[in-house]
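S.K.: Got a file for you: query.cif, mmCIF, C-alpha atoms.
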```cif
data_final
loop_
_atom_site.group_PDB
_atom_site.id
_atom_site.type_symbol
_atom_site.label_atom_id
_atom_site.label_comp_id
_atom_site.auth_asym_id
_atom_site.auth_seq_id
_atom_site.Cartn_x
_atom_site.Cartn_y
_atom_site.Cartn_z
ATOM 1 C CA MET A 1 6.888 17.792 11.429
ATOM 2 C CA THR A 2 4.026 15.470 10.549
ATOM 3 C CA THR A 3 3.118 12.383 12.558
ATOM 4 C CA TYR A 4 1.529 9.238 11.226
ATOM 5 C CA LYS A 5 0.088 6.555 13.491
ATOM 6 C CA ASN A 6 -0.260 2.985 12.301
ATOM 7 C CA LYS A 7 -0.973 -0.037 14.527
ATOM 8 C CA ASN A 8 -0.075 1.865 17.692
ATOM 9 C CA GLU A 9 3.221 3.013 16.180
ATOM 10 C CA THR A 10 3.776 6.744 15.673
ATOM 11 C CA ILE A 11 6.085 7.625 12.799
ATOM 12 C CA ASP A 12 7.518 11.130 12.536
ATOM 13 C CA PHE A 13 8.611 12.503 9.191
ATOM 14 C CA SER A 14 9.211 15.942 7.769
ATOM 15 C CA PRO A 15 9.343 17.289 4.222
ATOM 16 C CA VAL A 16 12.857 17.460 2.795
ATOM 17 C CA THR A 17 14.004 20.644 1.060
ATOM 18 C CA GLY A 18 16.237 20.099 -1.948
ATOM 19 C CA ASN A 19 19.919 20.971 -1.760
ATOM 20 C CA PRO A 20 20.981 23.719 -4.211
ATOM 21 C CA LEU A 21 22.889 22.526 -7.285
ATOM 22 C CA ASN A 22 25.203 24.757 -9.333
ATOM 23 C CA ILE A 23 27.517 22.989 -11.769
ATOM 24 C CA GLY A 24 29.505 24.748 -14.448
ATOM 25 C CA GLU A 25 28.006 27.690 -16.302
ATOM 26 C CA GLY A 26 24.624 26.273 -17.229
ATOM 27 C CA PHE A 27 23.310 23.766 -14.671
ATOM 28 C CA THR A 28 21.262 24.799 -11.642
ATOM 29 C CA GLY A 29 18.637 23.102 -9.543
ATOM 30 C CA LEU A 30 17.752 21.193 -6.379
ATOM 31 C CA GLY A 31 18.960 17.734 -5.414
ATOM 32 C CA PHE A 32 17.475 14.999 -3.215
ATOM 33 C CA ARG A 33 19.320 11.881 -1.982
ATOM 34 C CA HIS A 34 18.002 8.601 -0.583
ATOM 35 C CA LYS A 35 19.799 9.048 2.761
ATOM 36 C CA GLN A 36 17.575 12.054 3.487
ATOM 37 C CA PHE A 37 14.491 9.821 3.570
ATOM 38 C CA ASN A 38 15.573 7.000 5.898
ATOM 39 C CA GLY A 39 15.227 4.345 3.205
ATOM 40 C CA VAL A 40 11.684 5.258 2.177
ATOM 41 C CA MET A 41 12.825 6.745 -1.151
ATOM 42 C CA ASP A 42 13.579 3.153 -2.285
ATOM 43 C CA PRO A 43 13.788 2.273 -5.211
ATOM 44 C CA LEU A 44 14.963 5.842 -5.967
ATOM 45 C CA ILE A 45 18.569 6.648 -5.105
ATOM 46 C CA MET A 46 18.517 10.319 -6.048
ATOM 47 C CA ALA A 47 16.495 12.926 -7.921
ATOM 48 C CA ASP A 48 17.750 16.225 -9.319
ATOM 49 C CA HIS A 49 15.333 18.927 -10.446
ATOM 50 C CA TYR A 50 17.409 20.977 -12.857
ATOM 51 C CA THR A 51 17.662 23.536 -15.605
ATOM 52 C CA MET A 52 20.482 23.018 -18.118
ATOM 53 C CA THR A 53 21.407 25.396 -20.913
ATOM 54 C CA VAL A 54 24.846 24.183 -22.012
ATOM 55 C CA PRO A 55 26.592 20.780 -22.140
ATOM 56 C CA THR A 56 27.658 20.077 -18.564
ATOM 57 C CA PHE A 57 28.730 16.507 -17.791
ATOM 58 C CA GLY A 58 30.107 15.028 -21.002
ATOM 59 C CA ALA A 59 30.132 11.287 -21.619
ATOM 60 C CA HIS A 60 29.998 9.425 -18.292
ATOM 61 C CA PRO A 61 29.420 5.853 -17.069
ATOM 62 C CA HIS A 62 26.539 4.213 -15.182
ATOM 63 C CA ALA A 63 26.192 0.711 -13.743
ATOM 64 C CA GLY A 64 23.782 -1.045 -11.391
ATOM 65 C CA ILE A 65 21.074 1.614 -11.851
ATOM 66 C CA SER A 66 18.660 3.124 -14.320
ATOM 67 C CA ALA A 67 19.315 6.776 -15.207
ATOM 68 C CA VAL A 68 15.913 8.341 -15.930
ATOM 69 C CA SER A 69 15.295 11.695 -17.614
ATOM 70 C CA VAL A 70 11.862 13.330 -17.387
ATOM 71 C CA LEU A 71 11.607 16.569 -19.369
ATOM 72 C CA PHE A 72 8.952 19.029 -18.285
ATOM 73 C CA GLU A 73 6.640 20.555 -20.879
ATOM 74 C CA ASP A 74 8.197 24.014 -20.608
ATOM 75 C CA THR A 75 11.538 22.720 -21.900
ATOM 76 C CA GLU A 76 12.728 24.863 -24.802
ATOM 77 C CA GLY A 77 14.612 23.203 -27.626
ATOM 78 C CA LYS A 78 16.011 19.696 -27.800
ATOM 79 C CA PHE A 79 18.122 17.493 -25.534
ATOM 80 C CA ASN A 80 20.529 15.324 -27.476
ATOM 81 C CA ASN A 81 20.913 11.827 -26.038
ATOM 82 C CA ARG A 82 23.802 9.546 -26.964
ATOM 83 C CA ASP A 83 24.845 6.320 -25.300
ATOM 84 C CA SER A 84 26.890 3.181 -25.785
ATOM 85 C CA LEU A 85 23.772 1.251 -26.812
ATOM 86 C CA GLY A 86 24.028 3.053 -30.158
ATOM 87 C CA ASN A 87 21.286 5.620 -29.464
ATOM 88 C CA ASP A 88 21.732 9.115 -30.877
ATOM 89 C CA PHE A 89 18.508 11.134 -30.931
ATOM 90 C CA ASP A 90 16.862 14.183 -29.391
ATOM 91 C CA ILE A 91 14.608 14.081 -26.339
ATOM 92 C CA GLU A 92 11.980 16.822 -26.507
ATOM 93 C CA ALA A 93 9.678 18.675 -24.111
ATOM 94 C CA GLY A 94 7.532 16.226 -22.125
ATOM 95 C CA ASP A 95 9.495 13.102 -23.104
ATOM 96 C CA LEU A 96 10.879 10.314 -20.915
ATOM 97 C CA TYR A 97 14.184 8.537 -21.478
ATOM 98 C CA TRP A 98 15.029 5.550 -19.275
ATOM 99 C CA LEU A 99 18.546 4.173 -19.608
ATOM 100 C CA ASN A 100 18.812 0.836 -17.819
ATOM 101 C CA ALA A 101 22.578 0.738 -17.333
ATOM 102 C CA GLY A 102 22.657 -2.794 -15.891
ATOM 103 C CA SER A 103 26.217 -4.117 -16.068
ATOM 104 C CA GLY A 104 27.447 -0.818 -17.473
ATOM 105 C CA ALA A 105 26.831 1.837 -20.115
ATOM 106 C CA ILE A 106 28.240 5.185 -21.233
ATOM 107 C CA HIS A 107 25.793 8.084 -21.486
ATOM 108 C CA ASP A 108 25.816 11.691 -22.629
ATOM 109 C CA GLU A 109 22.952 14.190 -22.656
ATOM 110 C CA ALA A 110 23.486 17.751 -23.839
ATOM 111 C CA PRO A 111 21.223 20.661 -24.808
ATOM 112 C CA ARG A 112 21.246 21.600 -28.462
ATOM 113 C CA PRO A 113 22.479 25.173 -29.015
ATOM 114 C CA GLY A 114 19.971 27.662 -27.603
ATOM 115 C CA ALA A 115 17.988 25.039 -25.697
ATOM 116 C CA LYS A 116 16.807 25.390 -22.089
ATOM 117 C CA ILE A 117 16.206 21.943 -20.619
ATOM 118 C CA HIS A 118 13.961 21.731 -17.546
ATOM 119 C CA GLY A 119 13.255 18.428 -15.868
ATOM 120 C CA LEU A 120 14.202 15.662 -13.471
ATOM 121 C CA GLN A 121 17.223 13.363 -13.567
ATOM 122 C CA VAL A 122 16.564 10.325 -11.386
ATOM 123 C CA PHE A 123 18.655 7.311 -10.445
ATOM 124 C CA VAL A 124 16.462 4.241 -9.923
ATOM 125 C CA ASN A 125 18.181 1.366 -8.163
ATOM 126 C CA LEU A 126 18.233 -2.151 -9.584
ATOM 127 C CA PRO A 127 17.992 -5.335 -7.513
ATOM 128 C CA ALA A 128 21.112 -7.504 -7.338
ATOM 129 C CA LYS A 129 19.599 -9.949 -9.836
ATOM 130 C CA LEU A 130 19.447 -7.203 -12.524
ATOM 131 C CA LYS A 131 22.655 -5.283 -11.842
ATOM 132 C CA HIS A 132 24.738 -7.520 -14.128
ATOM 133 C CA ASN A 133 22.261 -7.757 -17.017
ATOM 134 C CA ALA A 134 22.940 -6.193 -20.407
ATOM 135 C CA PRO A 135 21.909 -2.514 -20.636
ATOM 136 C CA SER A 136 18.693 -1.464 -22.393
ATOM 137 C CA SER A 137 16.712 1.721 -23.002
ATOM 138 C CA LEU A 138 13.183 3.099 -23.239
ATOM 139 C CA HIS A 139 12.069 6.341 -24.906
ATOM 140 C CA ILE A 140 8.446 7.487 -24.502
ATOM 141 C CA LYS A 141 7.388 10.606 -26.367
ATOM 142 C CA ARG A 142 5.016 13.187 -24.928
ATOM 143 C CA GLU A 143 2.298 12.495 -27.473
ATOM 144 C CA ASP A 144 2.147 8.853 -26.414
ATOM 145 C CA MET A 145 1.478 9.636 -22.738
ATOM 146 C CA PRO A 146 -2.134 9.639 -21.415
ATOM 147 C CA THR A 147 -3.373 12.848 -19.801
ATOM 148 C CA LEU A 148 -5.665 12.661 -16.758
ATOM 149 C CA GLU A 149 -7.927 15.700 -16.419
ATOM 150 C CA GLY A 150 -10.586 16.788 -13.947
ATOM 151 C CA LEU A 151 -11.779 19.820 -12.010
ATOM 152 C CA GLY A 152 -8.716 21.945 -11.337
ATOM 153 C CA TYR A 153 -6.070 19.453 -12.416
ATOM 154 C CA ARG A 154 -4.193 18.074 -15.414
ATOM 155 C CA VAL A 155 -1.769 15.187 -14.877
ATOM 156 C CA ARG A 156 0.463 13.448 -17.423
ATOM 157 C CA LEU A 157 0.953 9.720 -16.955
ATOM 158 C CA VAL A 158 4.608 9.632 -17.937
ATOM 159 C CA LEU A 159 5.095 5.978 -17.023
ATOM 160 C CA GLY A 160 3.209 3.208 -15.245
ATOM 161 C CA GLU A 161 -0.445 3.064 -14.172
ATOM 162 C CA SER A 162 -3.036 5.461 -12.743
ATOM 163 C CA ASN A 163 -6.824 5.854 -12.803
ATOM 164 C CA GLY A 164 -7.382 2.989 -15.223
ATOM 165 C CA HIS A 165 -4.743 4.187 -17.688
ATOM 166 C CA SER A 166 -1.306 2.755 -18.346
ATOM 167 C CA SER A 167 1.729 3.634 -20.419
ATOM 168 C CA GLN A 168 2.307 1.676 -23.600
ATOM 169 C CA ASP A 169 5.731 0.510 -22.442
ATOM 170 C CA ASN A 170 7.096 -0.788 -19.157
ATOM 171 C CA ALA A 171 10.480 -0.064 -17.641
ATOM 172 C CA VAL A 172 12.859 -2.699 -16.319
ATOM 173 C CA TRP A 173 11.618 -2.015 -12.751
ATOM 174 C CA PRO A 174 8.014 -1.154 -11.753
ATOM 175 C CA VAL A 175 7.714 2.629 -11.353
ATOM 176 C CA THR A 176 4.833 5.042 -11.973
ATOM 177 C CA ILE A 177 5.672 8.664 -12.827
ATOM 178 C CA LEU A 178 3.031 11.418 -12.772
ATOM 179 C CA ASP A 179 3.699 15.015 -13.821
ATOM 180 C CA GLY A 180 0.786 17.220 -12.810
ATOM 181 C CA TYR A 181 -0.741 20.639 -12.234
ATOM 182 C CA ALA A 182 -3.487 21.360 -9.704
ATOM 183 C CA ASP A 183 -5.193 24.329 -8.057
ATOM 184 C CA ASN A 184 -6.993 24.511 -4.717
ATOM 185 C CA GLN A 185 -10.250 23.267 -6.233
ATOM 186 C CA ALA A 186 -8.655 20.029 -7.408
ATOM 187 C CA LEU A 187 -8.852 16.591 -5.838
ATOM 188 C CA PHE A 188 -6.518 14.449 -7.885
ATOM 189 C CA THR A 189 -6.276 10.916 -6.477
ATOM 190 C CA HIS A 190 -3.810 8.192 -7.397
ATOM 191 C CA GLN A 191 -4.196 4.638 -6.130
ATOM 192 C CA ILE A 192 -0.778 3.467 -4.937
ATOM 193 C CA GLN A 193 0.110 -0.006 -6.139
ATOM 194 C CA SER A 194 0.307 -2.510 -3.313
ATOM 195 C CA GLY A 195 3.595 -2.315 -1.435
ATOM 196 C CA PHE A 196 4.975 0.637 -3.418
ATOM 197 C CA ASN A 197 6.819 3.556 -1.848
ATOM 198 C CA THR A 198 5.879 7.043 -3.043
ATOM 199 C CA TRP A 199 7.966 10.204 -3.514
ATOM 200 C CA LEU A 200 5.976 13.442 -3.890
ATOM 201 C CA TYR A 201 7.672 16.679 -4.976
ATOM 202 C CA ALA A 202 6.369 20.261 -5.197
ATOM 203 C CA VAL A 203 8.056 21.540 -8.374
ATOM 204 C CA GLU A 204 6.553 25.024 -8.552
ATOM 205 C CA GLY A 205 4.051 26.472 -6.107
ATOM 206 C CA ASP A 206 2.905 24.880 -2.854
ATOM 207 C CA ILE A 207 0.717 21.786 -2.795
ATOM 208 C CA GLU A 208 -1.339 19.895 -0.226
ATOM 209 C CA TYR A 209 -1.775 16.161 0.166
ATOM 210 C CA LYS A 210 -4.141 14.100 2.297
ATOM 211 C CA LEU A 211 -2.681 11.831 4.946
ATOM 212 C CA GLY A 212 -4.693 10.003 7.601
ATOM 213 C CA GLY A 213 -7.794 12.037 6.766
ATOM 214 C CA HIS A 214 -5.995 15.367 7.206
ATOM 215 C CA TRP A 215 -4.431 17.789 4.747
ATOM 216 C CA ALA A 216 -0.687 18.417 4.988
ATOM 217 C CA SER A 217 1.329 21.086 3.176
ATOM 218 C CA LEU A 218 4.349 20.710 0.928
ATOM 219 C CA LYS A 219 6.199 23.894 0.047
ATOM 220 C CA GLN A 220 7.766 24.573 -3.347
ATOM 221 C CA GLY A 221 11.130 22.831 -3.617
ATOM 222 C CA SER A 222 10.294 20.251 -0.942
ATOM 223 C CA SER A 223 9.429 16.564 -1.134
ATOM 224 C CA ILE A 224 8.304 13.675 1.048
ATOM 225 C CA ALA A 225 8.637 9.910 0.800
ATOM 226 C CA LEU A 226 5.919 7.610 2.121
ATOM 227 C CA THR A 227 5.496 3.865 2.488
ATOM 228 C CA PHE A 228 2.415 1.987 1.314
ATOM 229 C CA GLU A 229 1.470 1.484 4.970
ATOM 230 C CA GLN A 230 1.386 5.256 5.382
ATOM 231 C CA MET A 231 -0.501 5.966 2.182
ATOM 232 C CA GLN A 232 -2.565 3.719 -0.105
ATOM 233 C CA HIS A 233 -4.309 6.600 -1.891
ATOM 234 C CA LEU A 234 -2.497 9.820 -2.748
ATOM 235 C CA THR A 235 -4.826 12.831 -2.994
ATOM 236 C CA VAL A 236 -3.261 16.111 -4.121
ATOM 237 C CA ARG A 237 -4.480 19.674 -4.597
ATOM 238 C CA GLY A 238 -2.811 23.012 -5.140
ATOM 239 C CA ALA A 239 -2.527 25.488 -2.287
ATOM 240 C CA ALA A 240 -3.770 28.487 -4.293
ATOM 241 C CA SER A 241 -6.191 29.460 -7.048
ATOM 242 C CA THR A 242 -3.312 29.349 -9.518
ATOM 243 C CA GLN A 243 -2.074 25.895 -10.510
ATOM 244 C CA SER A 244 0.921 24.360 -8.762
ATOM 245 C CA HIS A 245 3.258 21.903 -10.471
ATOM 246 C CA PHE A 246 3.990 18.568 -8.766
ATOM 247 C CA VAL A 247 5.571 15.191 -9.523
ATOM 248 C CA VAL A 248 4.785 11.768 -8.105
ATOM 249 C CA MET A 249 7.166 8.836 -8.442
ATOM 250 C CA SER A 250 5.954 5.563 -6.958
ATOM 251 C CA GLY A 251 7.895 2.318 -7.228
ATOM 252 C CA GLU A 252 8.331 -1.155 -5.866
ATOM 253 C CA PRO A 253 10.943 -1.006 -3.092
ATOM 254 C CA ILE A 254 13.962 -3.245 -3.579
ATOM 255 C CA LYS A 255 14.836 -3.578 0.106
ATOM 256 C CA GLU A 256 18.440 -4.581 -0.534
ATOM 257 C CA ALA A 257 21.641 -3.038 0.792
ATOM 258 C CA PHE A 258 23.794 -1.371 -1.875
ATOM 259 C CA VAL A 259 27.014 0.569 -2.209
ATOM 260 C CA GLN A 260 26.945 3.771 -4.250
ATOM 261 C CA GLN A 261 29.925 5.516 -5.756
ATOM 262 C CA GLY A 262 28.844 8.379 -7.984
ATOM 263 C CA PRO A 263 27.045 6.928 -11.034
ATOM 264 C CA PHE A 264 27.517 3.324 -9.852
ATOM 265 C CA ALA A 265 25.374 1.383 -7.364
ATOM 266 C CA MET A 266 26.345 -2.227 -6.767
ATOM 267 C CA THR A 267 25.735 -4.796 -4.053
ATOM 268 C CA THR A 268 29.249 -4.836 -2.586
ATOM 269 C CA ARG A 269 32.378 -2.689 -2.505
ATOM 270 C CA GLN A 270 34.171 -5.358 -4.530
ATOM 271 C CA GLU A 271 31.562 -5.034 -7.289
ATOM 272 C CA ILE A 272 32.105 -1.258 -7.284
ATOM 273 C CA ASP A 273 35.851 -1.772 -7.631
ATOM 274 C CA ASP A 274 35.258 -4.272 -10.448
ATOM 275 C CA VAL A 275 32.984 -1.967 -12.466
ATOM 276 C CA VAL A 276 35.347 0.999 -11.989
ATOM 277 C CA ALA A 277 38.193 -1.156 -13.322
ATOM 278 C CA LYS A 278 36.076 -2.184 -16.309
ATOM 279 C CA TYR A 279 35.228 1.461 -17.015
ATOM 280 C CA GLU A 280 38.868 2.507 -16.829
ATOM 281 C CA ALA A 281 39.754 -0.350 -19.185
ATOM 282 C CA GLY A 282 37.127 0.819 -21.690
ATOM 283 C CA GLU A 283 34.978 -2.275 -21.204
ATOM 284 C CA LEU A 284 31.673 -0.444 -20.623
ATOM 285 C CA GLY A 285 31.450 0.539 -24.265
ATOM 286 C CA SER A 286 31.829 3.878 -25.971
ATOM 287 C CA ILE A 287 29.887 6.575 -27.746
ATOM 288 C CA VAL A 288 30.670 6.808 -31.442
#
```
Show the structure stored in the file as structure tokens.
M.R.:
Amino acid sequence: MTTYKNKNETIDFSPVTGNPLNIGEGFTGLGFRHKQFNGVMDPLIMADHYTMTVPTFGAHPHAGISAVSVLFEDTEGKFNNRDSLGNDFDIEAGDLYWLNAGSGAIHDEAPRPGAKIHGLQVFVNLPAKLKHNAPSSLHIKREDMPTLEGLGYRVRLVLGESNGHSSQDNAVWPVTILDGYADNQALFTHQIQSGFNTWLYAVEGDIEYKLGGHWASLKQGSSIALTFEQMQHLTVRGAASTQSHFVVMSGEPIKEAFVQQGPFAMTTRQEIDDVVAKYEAGELGSIV
């Protein structure tokens, strides 16, 4: 357990180890849920670190959230994305796809034959004022993402802002996503935007991060969530001479109560019931 003291208040928090995921014949990974982080994961609702080799979920609905796919660079082959917005294209290694479901959308992602997809699937919450807006989407290709490099580290700026660089496009809700590698000689620092919460995940290999002037450890497969009051600057290094893989997701907290039912997250139970009824009536669209 790590303690953090701020204005005479001591806050205890511990890294969270992902829950094993095994779905069907070709989907494995680790899953994290917002309830494990006492609200500090906000605006994230969940994050799954997965490997997928065969179609697993089929066409499925979303509403009240953004469903975000971040493919790691070691992905092999292509990930076919189709949705009720009319999109039908392949997401490739290193790409980002952000589906803002809003009032409701149908989505399907499936590996092309022979592909091995490795990445993160993240649900980002939407504030009440955006949950009923028309759906939209954002696709950023690997070659359009800035790369931040220094002694012992290489970090892709997948989305948002860091170290004077910014992505060409903005998502519907302010979130920065960093996908990086660092060894024990590195000192990668990211300035957290004012008021943002931060989720840090050790993808492969152990990492260390600086908190209150001291280094803390994060083991492979574990993550932490921190408020802006706890951390204004995130400094990360690997725990060994070989490079460790880590992800940072930092976003503006929404600070609103919500009700989640599977792929839906709405403000009230009645809104959940309404969107389920619309889905069952075929009113969330379809994939041609």
S.K.: Around segment 269-272 of chain A, with edges along x, y and z and 3 Å added on all six sides, what centre and edge lengths do you get, in Å to one decimal, as AutoDock Vina command-line options?
M.R.:
```
--center_x 32.9 --center_y -3.3 --center_z -4.9 --size_x 8.6 --size_y 10.1 --size_z 10.8
```
S.K.: Using only C-alpha atoms, find the one residue out of A:Met145, A:Ala277, A:Ile224, A:Ala239 that sits nearest to Glu204 of chain A.
M.R.: A:Ala239
S.K.: Convert the output of the PyMOL selection byres ((chain A and resi 42-49) around 6) on the shown file into explicit residues, formatted as a PDB file with C-alpha atoms, in the frame of the given file.
M.R.:
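Result saved to selection_35.pdb:
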```
ATOM      1  CA  GLY A  29      18.637  23.102  -9.543  1.00  0.00           C
ATOM      2  CA  LEU A  30      17.752  21.193  -6.379  1.00  0.00           C
ATOM      3  CA  GLY A  31      18.960  17.734  -5.414  1.00  0.00           C
ATOM      4  CA  PHE A  32      17.475  14.999  -3.215  1.00  0.00           C
ATOM      5  CA  ARG A  33      19.320  11.881  -1.982  1.00  0.00           C
ATOM      6  CA  HIS A  34      18.002   8.601  -0.583  1.00  0.00           C
ATOM      7  CA  GLY A  39      15.227   4.345   3.205  1.00  0.00           C
ATOM      8  CA  VAL A  40      11.684   5.258   2.177  1.00  0.00           C
ATOM      9  CA  MET A  41      12.825   6.745  -1.151  1.00  0.00           C
ATOM     10  CA  TYR A  50      17.409  20.977 -12.857  1.00  0.00           C
ATOM     11  CA  GLY A 119      13.255  18.428 -15.868  1.00  0.00           C
ATOM     12  CA  LEU A 120      14.202  15.662 -13.471  1.00  0.00           C
ATOM     13  CA  GLN A 121      17.223  13.363 -13.567  1.00  0.00           C
ATOM     14  CA  VAL A 122      16.564  10.325 -11.386  1.00  0.00           C
ATOM     15  CA  PHE A 123      18.655   7.311 -10.445  1.00  0.00           C
ATOM     16  CA  VAL A 124      16.462   4.241  -9.923  1.00  0.00           C
ATOM     17  CA  ASN A 125      18.181   1.366  -8.163  1.00  0.00           C
ATOM     18  CA  PRO A 253      10.943  -1.006  -3.092  1.00  0.00           C
ATOM     19  CA  ILE A 254      13.962  -3.245  -3.579  1.00  0.00           C
TER      20      ILE A 254
END
```
S.K.: Given the file shown, determine the residues that the PyMOL selection byres ((chain A and resi 222) around 8) selects; report them as a list in words.
M.R.: Pro15, Val16, Thr17, Gly18, Tyr201, Ala202, Val203, Leu218, Lys219, Gln220, Gly221, Ser223 and Ile224 of chain A
S.K.: With C-alpha atoms retained, write the just-selected residues as an mmCIF file, keeping the file's coordinate frame.
M.R.:
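The resulting file, part-v7.cif, is shown below:
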```
data_model
loop_
_atom_site.group_PDB
_atom_site.id
_atom_site.type_symbol
_atom_site.label_atom_id
_atom_site.label_comp_id
_atom_site.auth_asym_id
_atom_site.auth_seq_id
_atom_site.Cartn_x
_atom_site.Cartn_y
_atom_site.Cartn_z
ATOM 1 C CA PRO A 15 9.343 17.289 4.222
ATOM 2 C CA VAL A 16 12.857 17.460 2.795
ATOM 3 C CA THR A 17 14.004 20.644 1.060
ATOM 4 C CA GLY A 18 16.237 20.099 -1.948
ATOM 5 C CA TYR A 201 7.672 16.679 -4.976
ATOM 6 C CA ALA A 202 6.369 20.261 -5.197
ATOM 7 C CA VAL A 203 8.056 21.540 -8.374
ATOM 8 C CA LEU A 218 4.349 20.710 0.928
ATOM 9 C CA LYS A 219 6.199 23.894 0.047
ATOM 10 C CA GLN A 220 7.766 24.573 -3.347
ATOM 11 C CA GLY A 221 11.130 22.831 -3.617
ATOM 12 C CA SER A 223 9.429 16.564 -1.134
ATOM 13 C CA ILE A 224 8.304 13.675 1.048
#
```
S.K.: Work out how far atom CA of Val70 of chain A is from atom CA of Thr53 of chain A, in Å to one decimal.
M.R.: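 Atom CA of Thr53 of chain A sits 15.8 Å away from atom CA of Val70 of chain A.
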S.K.: So what does the PyMOL selection byres ((chain A and resi 84) around 6) actually pick up in this one, as a PyMOL selection string?
M.R.: chain A and resi 83+85-86+105-106+285-287
S.K.: Which distance in Å separates atom CA of Thr176 of chain A and atom CA of Gln261 of chain A, to one decimal?
M.R.: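 The value is 25.9 Å.
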S.K.: Residues at most 12 Å from Gly164 of chain A, counting all atoms listed in the file, excluding those fewer than 3 positions away in the same chain, as a PyMOL selection string?
M.R.: chain A and resi 146-148+157+160-161+167+189-191
S.K.: Between A:Asp206, A:Asp88, A:Asp169, A:Glu73, which one has atoms that come closest to Gln243 of chain A, using all atoms listed in the file?
M.R.: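 Selected residue with least distance to Gln243 of chain A: A:Asp206.
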S.K.: Could you check which of A:Thr268, A:Ser194, A:Ser69, A:Asn81 is closest to Glu256 of chain A, using only C-alpha atoms?
M.R.: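 Looking only at the distances to Glu256 of chain A, the closest residue turns out to be A:Thr268.
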S.K.: Return segment 183-188 of chain A, completed with all heavy atoms, as an mmCIF file, in the frame of the given file.
M.R.:
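Saved file out19.cif follows:
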```
data_model
loop_
_atom_site.group_PDB
_atom_site.id
_atom_site.type_symbol
_atom_site.label_atom_id
_atom_site.label_comp_id
_atom_site.auth_asym_id
_atom_site.auth_seq_id
_atom_site.Cartn_x
_atom_site.Cartn_y
_atom_site.Cartn_z
ATOM 1 N N ASP A 183 -4.908 23.156 -8.875
ATOM 2 C CA ASP A 183 -5.193 24.329 -8.057
ATOM 3 C C ASP A 183 -5.927 23.894 -6.793
ATOM 4 O O ASP A 183 -6.099 22.691 -6.542
ATOM 5 C CB ASP A 183 -5.977 25.377 -8.855
ATOM 6 C CG ASP A 183 -7.346 24.874 -9.324
ATOM 7 O OD1 ASP A 183 -7.913 23.962 -8.682
ATOM 8 O OD2 ASP A 183 -7.853 25.407 -10.322
ATOM 9 N N ASN A 184 -6.389 24.862 -6.005
ATOM 10 C CA ASN A 184 -6.993 24.511 -4.717
ATOM 11 C C ASN A 184 -8.411 23.980 -4.817
ATOM 12 O O ASN A 184 -9.015 23.611 -3.797
ATOM 13 C CB ASN A 184 -6.927 25.696 -3.744
ATOM 14 C CG ASN A 184 -7.626 26.943 -4.282
ATOM 15 O OD1 ASN A 184 -8.281 26.913 -5.323
ATOM 16 N ND2 ASN A 184 -7.466 28.049 -3.563
ATOM 17 N N GLN A 185 -8.951 23.901 -6.030
ATOM 18 C CA GLN A 185 -10.250 23.267 -6.233
ATOM 19 C C GLN A 185 -10.110 21.790 -6.621
ATOM 20 O O GLN A 185 -11.091 21.052 -6.666
ATOM 21 C CB GLN A 185 -11.024 24.002 -7.335
ATOM 22 C CG GLN A 185 -11.319 25.455 -7.017
ATOM 23 C CD GLN A 185 -12.197 25.611 -5.788
ATOM 24 O OE1 GLN A 185 -13.245 24.968 -5.685
ATOM 25 N NE2 GLN A 185 -11.762 26.442 -4.853
ATOM 26 N N ALA A 186 -8.895 21.378 -6.882
ATOM 27 C CA ALA A 186 -8.655 20.029 -7.408
ATOM 28 C C ALA A 186 -8.669 18.982 -6.298
ATOM 29 O O ALA A 186 -8.386 19.269 -5.130
ATOM 30 C CB ALA A 186 -7.308 19.985 -8.120
ATOM 31 N N LEU A 187 -8.994 17.767 -6.695
ATOM 32 C CA LEU A 187 -8.852 16.591 -5.838
ATOM 33 C C LEU A 187 -8.352 15.453 -6.728
ATOM 34 O O LEU A 187 -9.104 14.551 -7.092
ATOM 35 C CB LEU A 187 -10.173 16.219 -5.170
ATOM 36 C CG LEU A 187 -10.656 17.103 -4.018
ATOM 37 C CD1 LEU A 187 -12.032 16.659 -3.544
ATOM 38 C CD2 LEU A 187 -9.669 17.069 -2.850
ATOM 39 N N PHE A 188 -7.082 15.522 -7.070
ATOM 40 C CA PHE A 188 -6.518 14.449 -7.885
ATOM 41 C C PHE A 188 -6.107 13.300 -6.968
ATOM 42 O O PHE A 188 -5.379 13.506 -5.991
ATOM 43 C CB PHE A 188 -5.308 14.923 -8.679
ATOM 44 C CG PHE A 188 -4.594 13.785 -9.369
ATOM 45 C CD1 PHE A 188 -5.157 13.180 -10.488
ATOM 46 C CD2 PHE A 188 -3.386 13.293 -8.877
ATOM 47 C CE1 PHE A 188 -4.530 12.109 -11.110
ATOM 48 C CE2 PHE A 188 -2.743 12.235 -9.497
ATOM 49 C CZ PHE A 188 -3.315 11.639 -10.615
#
```
